[in-house]
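*Asks:* There's a structure below that I have some questions on.
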Amino acid sequence: MDATLNPEARMHITVEIPDTLARDLAGEGRDPARAVLEAIALESYRAGRLTEFGVRKLLGFETRYEVDDFLYAHGAFIPYTMEDLERDTAVALEVALRARAERNAGPSH
(Lines give C-alpha, C1' and ligand atoms only; values in the text may rest on other atoms or scores of the structure.)
Protein backbone atom coordinates (compact mmCIF):
# COMPACT_ATOMS: atom_id res chain seq x y z
CA MET A 1 0.00 0.00 0.00
CA ASP A 2 1.45 3.40 -0.91
CA ALA A 3 1.60 6.53 1.26
CA THR A 4 -1.31 8.18 -0.59
CA LEU A 5 -3.61 5.41 0.69
CA ASN A 6 -1.91 4.98 4.05
CA PRO A 7 -0.54 8.21 5.58
CA GLU A 8 1.18 6.14 8.29
CA ALA A 9 3.21 4.14 5.75
CA ARG A 10 6.92 4.09 6.58
CA MET A 11 9.87 4.57 4.26
CA HIS A 12 13.06 2.75 5.12
CA ILE A 13 16.27 4.57 4.25
CA THR A 14 19.71 3.05 4.61
CA VAL A 15 22.77 5.24 5.10
CA GLU A 16 26.21 3.69 5.22
CA ILE A 17 28.72 5.42 7.45
CA PRO A 18 32.07 4.02 8.61
CA ASP A 19 31.79 2.66 12.17
CA THR A 20 34.35 5.10 13.54
CA LEU A 21 32.50 8.09 12.10
CA ALA A 22 29.13 6.80 13.25
CA ARG A 23 30.40 6.61 16.84
CA ASP A 24 31.91 10.10 16.56
CA LEU A 25 28.73 11.58 15.06
CA ALA A 26 26.41 9.92 17.55
CA GLY A 27 28.45 10.47 20.68
CA GLU A 28 29.42 7.96 23.31
CA GLY A 29 26.66 5.56 24.23
CA ARG A 30 24.09 6.92 21.78
CA ASP A 31 22.38 4.99 19.02
CA PRO A 32 23.82 6.26 15.70
CA ALA A 33 20.51 5.68 13.88
CA ARG A 34 18.67 7.81 16.44
CA ALA A 35 21.33 10.52 16.26
CA VAL A 36 20.95 10.72 12.46
CA LEU A 37 17.15 10.82 12.74
CA GLU A 38 17.35 13.63 15.30
CA ALA A 39 19.78 15.56 13.09
CA ILE A 40 17.40 15.25 10.15
CA ALA A 41 14.49 16.41 12.32
CA LEU A 42 16.45 19.42 13.63
CA GLU A 43 17.73 20.53 10.25
CA SER A 44 14.32 20.10 8.64
CA TYR A 45 12.67 22.09 11.44
CA ARG A 46 15.24 24.89 11.22
CA ALA A 47 14.79 25.04 7.43
CA GLY A 48 11.02 25.26 7.79
CA ARG A 49 10.40 21.93 6.04
CA LEU A 50 9.11 20.22 9.17
CA THR A 51 6.67 21.56 11.76
CA GLU A 52 6.69 20.81 15.48
CA PHE A 53 4.04 18.19 14.79
CA GLY A 54 6.28 16.67 12.12
CA VAL A 55 9.20 16.53 14.58
CA ARG A 56 6.91 14.87 17.10
CA LYS A 57 5.79 12.20 14.63
CA LEU A 58 9.27 11.61 13.22
CA LEU A 59 10.91 11.18 16.61
CA GLY A 60 7.99 9.39 18.27
CA PHE A 61 7.40 11.90 21.05
CA GLU A 62 4.19 11.48 23.04
CA THR A 63 3.61 15.16 23.82
CA ARG A 64 4.41 18.54 22.35
CA TYR A 65 6.30 19.31 25.57
CA GLU A 66 8.82 16.64 24.65
CA VAL A 67 9.21 18.34 21.28
CA ASP A 68 9.67 21.73 22.94
CA ASP A 69 12.30 20.30 25.29
CA PHE A 70 14.10 18.58 22.41
CA LEU A 71 14.14 21.73 20.23
CA TYR A 72 15.22 23.94 23.13
CA ALA A 73 18.01 21.54 24.12
CA HIS A 74 19.36 21.77 20.56
CA GLY A 75 18.99 25.54 20.19
CA ALA A 76 16.16 25.25 17.67
CA PHE A 77 13.75 27.76 19.12
CA ILE A 78 10.14 27.96 18.09
CA PRO A 79 9.68 30.80 15.59
CA TYR A 80 7.90 33.77 17.15
CA THR A 81 7.03 36.62 14.82
CA MET A 82 6.05 40.21 15.47
CA GLU A 83 2.51 39.23 14.47
CA ASP A 84 2.56 36.52 17.16
CA LEU A 85 3.65 39.10 19.74
CA GLU A 86 0.95 41.57 18.67
CA ARG A 87 -1.75 38.87 18.80
CA ASP A 88 -0.60 37.65 22.23
CA THR A 89 -0.48 41.22 23.53
CA ALA A 90 -4.02 41.91 22.29
CA VAL A 91 -5.35 38.72 23.91
CA ALA A 92 -3.59 39.49 27.21
CA LEU A 93 -5.01 43.03 27.22
CA GLU A 94 -8.50 41.72 26.49
CA VAL A 95 -8.29 39.19 29.33
CA ALA A 96 -6.96 41.82 31.75
CA LEU A 97 -9.73 44.27 30.87
CA ARG A 98 -12.39 41.59 31.22
CA ALA A 99 -11.01 40.57 34.63
CA ARG A 100 -10.97 44.20 35.78
CA ALA A 101 -14.56 44.73 34.63
CA GLU A 102 -15.71 41.59 36.45
CA ARG A 103 -13.84 42.61 39.58
CA ASN A 104 -15.35 46.13 39.50
CA ALA A 105 -18.84 44.76 38.92
CA GLY A 106 -18.62 42.96 42.24
CA PRO A 107 -20.28 39.70 43.18
CA SER A 108 -23.52 38.91 41.42
CA HIS A 109 -26.27 37.28 43.43
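Chain identifiers are assigned as A, B, and so on, following the order in which chains appear in the C-alpha coordinates; residues are numbered from 1 within each chain, and ligands are numbered from 1 in order of appearance.
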Please identify which residues in chain A DSSP calls helix (DSSP H, G or I) from the backbone, and express them as an NGL selection string.

*Replies:* :A and (19-26 or 32-46 or 52-59 or 64-73 or 82-105)

*Asks:* Need the shell around A:Phe53: protein/DNA/RNA residues with any atom at most 10 Å away, counting only C-alpha atoms. Skip same-chain ones fewer than 5 positions apart. Format as a PyMOL selection string?

*Replies:* chain A and resi 58-59+61+63-64+67

*Asks:* Between A:Arg30, A:Glu43, A:Thr51, A:Val36, which has the minimum distance to A:Ile17 (counting only C-alpha atoms)?

*Replies:*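 Checking each candidate against A:Ile17, we get A:Val36 as the closest.
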
*Asks:* Out of A:Arg23, A:Glu62, A:Gly29, A:Ala76, which residue has the shortest atom-to-atom distance to A:Arg46 when counting only C-alpha atoms?

*Replies:*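 Closest to A:Arg46, using only C-alpha atoms: A:Ala76.
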
*Asks:* I'd like to know which of A:Arg87, A:His74, A:Lys57, A:Arg100 is closest to A:Arg10, using only C-alpha atoms.

*Replies:*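 Of all the options, A:Lys57 lies closest to A:Arg10.
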
*Asks:* Give me the residues near A:Val15 as a short mmCIF file (atom, residue, chain, number, x, y, z; two decimals) with all heavy atoms, in the first residue's frame, where near means some atom within 12 Å (using only C-alpha atoms) and where sequence neighbours in that chain fewer than 4 positions away do not count.

*Replies:*
```
data_model
loop_
_atom_site.label_atom_id
_atom_site.label_comp_id
_atom_site.auth_asym_id
_atom_site.auth_seq_id
_atom_site.Cartn_x
_atom_site.Cartn_y
_atom_site.Cartn_z
N ASP A 19 32.05 2.84 10.74
CA ASP A 19 31.79 2.66 12.17
C ASP A 19 32.42 3.75 13.03
O ASP A 19 31.79 4.27 13.95
CB ASP A 19 32.30 1.30 12.64
CG ASP A 19 31.44 0.16 12.15
OD1 ASP A 19 30.31 0.42 11.68
OD2 ASP A 19 31.88 -0.99 12.24
N ALA A 22 30.46 6.93 12.64
CA ALA A 22 29.13 6.80 13.25
C ALA A 22 29.22 7.01 14.76
O ALA A 22 28.39 7.72 15.34
CB ALA A 22 28.53 5.43 12.93
N PRO A 32 23.53 5.45 16.89
CA PRO A 32 23.82 6.26 15.70
C PRO A 32 22.59 6.49 14.83
O PRO A 32 22.41 7.59 14.30
CB PRO A 32 24.87 5.43 14.95
CG PRO A 32 25.51 4.60 15.99
CD PRO A 32 24.43 4.29 16.99
N ALA A 33 21.71 5.50 14.70
CA ALA A 33 20.51 5.68 13.88
C ALA A 33 19.62 6.77 14.47
O ALA A 33 19.07 7.61 13.74
CB ALA A 33 19.74 4.37 13.76
N VAL A 36 21.17 10.26 13.84
CA VAL A 36 20.95 10.72 12.46
C VAL A 36 19.50 11.19 12.30
O VAL A 36 19.25 12.24 11.70
CB VAL A 36 21.29 9.60 11.45
CG1 VAL A 36 20.80 9.94 10.06
CG2 VAL A 36 22.79 9.34 11.44
N LEU A 37 18.56 10.44 12.83
CA LEU A 37 17.15 10.82 12.74
C LEU A 37 16.90 12.16 13.43
O LEU A 37 16.20 13.03 12.89
CB LEU A 37 16.28 9.73 13.37
CG LEU A 37 14.79 9.79 13.11
CD1 LEU A 37 14.48 9.73 11.62
CD2 LEU A 37 14.09 8.67 13.85
#
```

*Asks:* Could you tell me which of A:Ala47, A:Ala101, A:Ala41, A:Ala9 comes closest to A:Phe70 if we count only C-alpha atoms?

*Replies:*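 Among A:Ala47, A:Ala101, A:Ala41, A:Ala9, it is A:Ala41 that comes nearest to A:Phe70.
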
*Asks:* List the neighbours of A:Leu42 out to 8 Å using only C-alpha atoms; skip same-chain residues closer than 2 positions along the sequence, and give me the result as a list in words.

*Replies:*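 After dropping sequence-adjacent residues, the list is Glu38, Ala39, Ile40, Ser44, Tyr45, Arg46, Val55, Leu71, His74 and Ala76 of chain A.
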
*Asks:* In Å, rounded to a single decimal, give me how far atom CA of A:Glu8 is from atom CA of A:Gly54.

*Replies:*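 So the two atoms, atom CA of A:Gly54 and atom CA of A:Glu8, lie 12.3 Å apart.
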